[in-house]
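Q: Here's a structure for you.
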Amino acid sequence: MTKSRVLGGVSVAALALVLGLGAEAQDVREPHAQDRQQAREDGNVSIKVPPLMAEEHEELHAKLAALVGAGGETGAAAHKVEEALAPHFEEENRYALPPLGLLSELARGRATEDMRPAIELSRHVAQNLDRYIDEHREIAAALNGLEAAGKAEGNSDAVEFAAELRRHARQEEELFYPTAILIGRYLERELGGP
């Protein structure tokens, strides 16, 4: 089998393209492309949340903070969403999203020893996948309250935010979590060992 092994019918390179993190997209979208190039040249690979994903989480937090600041029923409902969302995002940023930062390197066939910590991160995602999905359900319940409050108070931003966060959760469940798990399995096969 080639360096870009096929995992469950989908190559890591294909996953990178699906997520928009291929080599061509990275150089255009990623503000730190030069830093990553230097790290590759130095032989050090950083396992971190892809900047595009980190930015999306920051934008979602900023929108939610604005809704909390709106006050009234919308603000109270947004605060409930924030209480459910903050620890979930923290967990994702610690375990689920950093392996995705390796996609462009893996798509190039570069699996190196300094990527080994991603295996444990990926195992954590696999072991906690059901909990992550349960947390999404709790967040969705809070979003229902935010959406209802937004409609009652004529706050279209609240309604739009609820829809946006639901889409984000679906994207995590359908793409990000499975990809993080596959990255760990791929690295384990490439690097060997437990």
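Ordering of the structure tokens sets the chain letters (A, B, ...); residue numbers start at 1 within each chain; ligands are numbered from 1 in the order shown.
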Which residues are close to region 64-75 of chain A, i.e. within 7 Å by only C-alpha atoms, leaving aside same-chain residues fewer than 6 positions away? Reply as JSON, numbers by chain.
A: {"A": [146, 149, 150, 158]}
Q: Next, dump the selected residues to file, keeping only all heavy atoms, as a CSV table (one decimal), in the first residue's frame.
A:
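result_14.csv written:
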chain,number,residue,atom,x,y,z
A,146,LEU,N,-32.8,29.6,23.3
A,146,LEU,CA,-32.3,30.8,22.7
A,146,LEU,C,-33.1,31.2,21.5
A,146,LEU,O,-33.5,32.4,21.3
A,146,LEU,CB,-30.9,30.7,22.4
A,146,LEU,CG,-30.2,31.8,21.7
A,146,LEU,CD1,-30.2,33.1,22.5
A,146,LEU,CD2,-28.8,31.5,21.3
A,149,ALA,N,-36.5,32.5,22.6
A,149,ALA,CA,-36.4,33.9,23.1
A,149,ALA,C,-36.1,34.9,22.1
A,149,ALA,O,-36.7,36.0,22.1
A,149,ALA,CB,-35.3,33.9,24.2
A,150,GLY,N,-35.3,34.5,21.1
A,150,GLY,CA,-35.0,35.4,20.0
A,150,GLY,C,-36.2,35.8,19.2
A,150,GLY,O,-36.4,36.9,18.8
A,158,ALA,N,-30.1,36.0,17.4
A,158,ALA,CA,-30.2,34.9,18.2
A,158,ALA,C,-30.7,33.7,17.4
A,158,ALA,O,-30.2,32.5,17.6
A,158,ALA,CB,-31.2,35.1,19.4
Q: Name all residues at most 12 Å from Ile47 (chain A) (count only C-alpha atoms; drop same-chain ones fewer than 4 positions away) and give them as a compact mmCIF listing (two decimals) with N, CA, C and O atoms, in the first residue's frame.
A:
# COMPACT_ATOMS: atom_id res chain seq x y z
N ARG A 36 4.54 27.31 9.78
CA ARG A 36 4.42 25.86 9.60
C ARG A 36 5.51 25.36 8.66
O ARG A 36 6.07 24.30 8.86
N ALA A 39 8.63 25.11 10.64
CA ALA A 39 8.57 23.95 11.53
C ALA A 39 8.86 22.67 10.76
O ALA A 39 9.55 21.79 11.25
N PRO A 51 -5.75 26.88 12.50
CA PRO A 51 -6.16 28.27 12.73
C PRO A 51 -7.57 28.59 12.27
O PRO A 51 -8.29 29.34 12.94
N ASN A 93 -10.99 21.78 21.93
CA ASN A 93 -9.73 22.46 21.63
C ASN A 93 -8.54 21.72 22.23
O ASN A 93 -7.43 21.83 21.72
N ARG A 94 -8.78 20.96 23.28
CA ARG A 94 -7.69 20.22 23.92
C ARG A 94 -7.44 18.87 23.24
O ARG A 94 -6.30 18.45 23.12
N TYR A 95 -8.51 18.18 22.82
CA TYR A 95 -8.37 16.81 22.31
C TYR A 95 -8.82 16.61 20.86
O TYR A 95 -8.10 15.96 20.10
N ALA A 96 -9.99 17.06 20.51
CA ALA A 96 -10.59 16.67 19.23
C ALA A 96 -10.04 17.42 18.02
O ALA A 96 -9.92 16.85 16.94
N LEU A 97 -9.70 18.69 18.18
CA LEU A 97 -9.30 19.48 17.02
C LEU A 97 -7.80 19.48 16.72
O LEU A 97 -7.42 19.56 15.55
N PRO A 98 -6.90 19.40 17.71
CA PRO A 98 -5.48 19.43 17.37
C PRO A 98 -5.02 18.37 16.37
O PRO A 98 -4.20 18.70 15.49
N PRO A 99 -5.51 17.13 16.43
CA PRO A 99 -5.06 16.17 15.40
C PRO A 99 -5.35 16.64 13.98
O PRO A 99 -4.60 16.33 13.05
N LEU A 100 -6.41 17.42 13.81
CA LEU A 100 -6.76 17.90 12.47
C LEU A 100 -5.71 18.85 11.91
O LEU A 100 -5.60 19.00 10.69
N GLY A 101 -4.92 19.45 12.78
CA GLY A 101 -3.85 20.32 12.33
C GLY A 101 -2.74 19.58 11.60
O GLY A 101 -1.89 20.19 10.96
N LEU A 102 -2.76 18.26 11.68
CA LEU A 102 -1.74 17.44 11.01
C LEU A 102 -2.16 17.01 9.61
O LEU A 102 -1.35 16.40 8.89
N LEU A 103 -3.37 17.29 9.21
CA LEU A 103 -3.89 16.76 7.95
C LEU A 103 -3.03 17.10 6.74
O LEU A 103 -2.76 16.22 5.92
N SER A 104 -2.61 18.34 6.62
CA SER A 104 -1.85 18.70 5.41
C SER A 104 -0.52 17.95 5.35
O SER A 104 -0.09 17.55 4.27
N GLU A 105 0.12 17.75 6.50
CA GLU A 105 1.37 16.99 6.52
C GLU A 105 1.12 15.51 6.20
O GLU A 105 1.87 14.89 5.45
N THR A 112 5.54 11.59 11.21
CA THR A 112 6.80 11.66 11.94
C THR A 112 6.58 11.39 13.43
O THR A 112 5.46 11.54 13.94
N GLU A 113 7.65 11.04 14.11
CA GLU A 113 7.57 10.71 15.54
C GLU A 113 6.99 11.84 16.37
O GLU A 113 6.33 11.59 17.37
N ASP A 114 7.24 13.09 15.99
CA ASP A 114 6.72 14.19 16.79
C ASP A 114 5.20 14.33 16.66
O ASP A 114 4.60 15.12 17.37
N MET A 115 4.60 13.53 15.80
CA MET A 115 3.14 13.49 15.69
C MET A 115 2.52 12.46 16.64
O MET A 115 1.31 12.42 16.80
N ARG A 116 3.35 11.62 17.25
CA ARG A 116 2.86 10.53 18.09
C ARG A 116 1.87 10.98 19.16
O ARG A 116 0.89 10.27 19.43
N PRO A 117 2.03 12.14 19.81
CA PRO A 117 1.04 12.55 20.83
C PRO A 117 -0.39 12.64 20.28
O PRO A 117 -1.35 12.51 21.05
N ALA A 118 -0.53 12.84 18.99
CA ALA A 118 -1.87 12.91 18.40
C ALA A 118 -2.61 11.58 18.52
O ALA A 118 -3.84 11.55 18.51
N ILE A 119 -1.88 10.49 18.65
CA ILE A 119 -2.51 9.18 18.80
C ILE A 119 -3.34 9.15 20.08
O ILE A 119 -4.49 8.72 20.08
N GLU A 120 -2.77 9.64 21.17
CA GLU A 120 -3.50 9.66 22.45
C GLU A 120 -4.68 10.64 22.39
O GLU A 120 -5.74 10.36 22.96
N LEU A 121 -4.49 11.77 21.73
CA LEU A 121 -5.60 12.71 21.58
C LEU A 121 -6.75 12.05 20.84
O LEU A 121 -7.92 12.16 21.23
N SER A 122 -6.42 11.34 19.78
CA SER A 122 -7.43 10.65 18.97
C SER A 122 -8.13 9.55 19.75
O SER A 122 -9.34 9.38 19.63
N ALA A 180 -10.53 13.04 13.31
CA ALA A 180 -9.55 13.01 14.41
C ALA A 180 -9.25 11.56 14.81
O ALA A 180 -8.09 11.21 15.06
N ILE A 183 -7.11 9.91 12.08
CA ILE A 183 -5.73 10.39 12.11
C ILE A 183 -4.93 9.58 13.13
O ILE A 183 -3.80 9.16 12.85
Q: If I take CA of Asn144 (chain A) and CA of Glu91 (chain A), how far is one from the other in Å, to one decimal?
A: 22.7 Å
Q: What is the CA of His124 (chain A)-CA of Lys80 (chain A) distance in Å, reported with one decimal?
A: 26.6 Å
Q: Report as a list of chain:residue names all protein, DNA and RNA residues lying within 12 Å of Arg170 (chain A), evaluated on only C-alpha atoms, omitting residues in the same chain fewer than 4 positions from it.
A: A:Tyr132, A:Ile133, A:His136, A:Arg137, A:Ala140, A:Ala163, A:Glu164, A:Leu165, A:Arg166, A:Glu174, A:Leu175, A:Phe176, A:Tyr177, A:Pro178
Q: Could you check how far CA of Glu138 (chain A) sits from CA of Arg185 (chain A), in Å to one decimal?
A: 29.1 Å
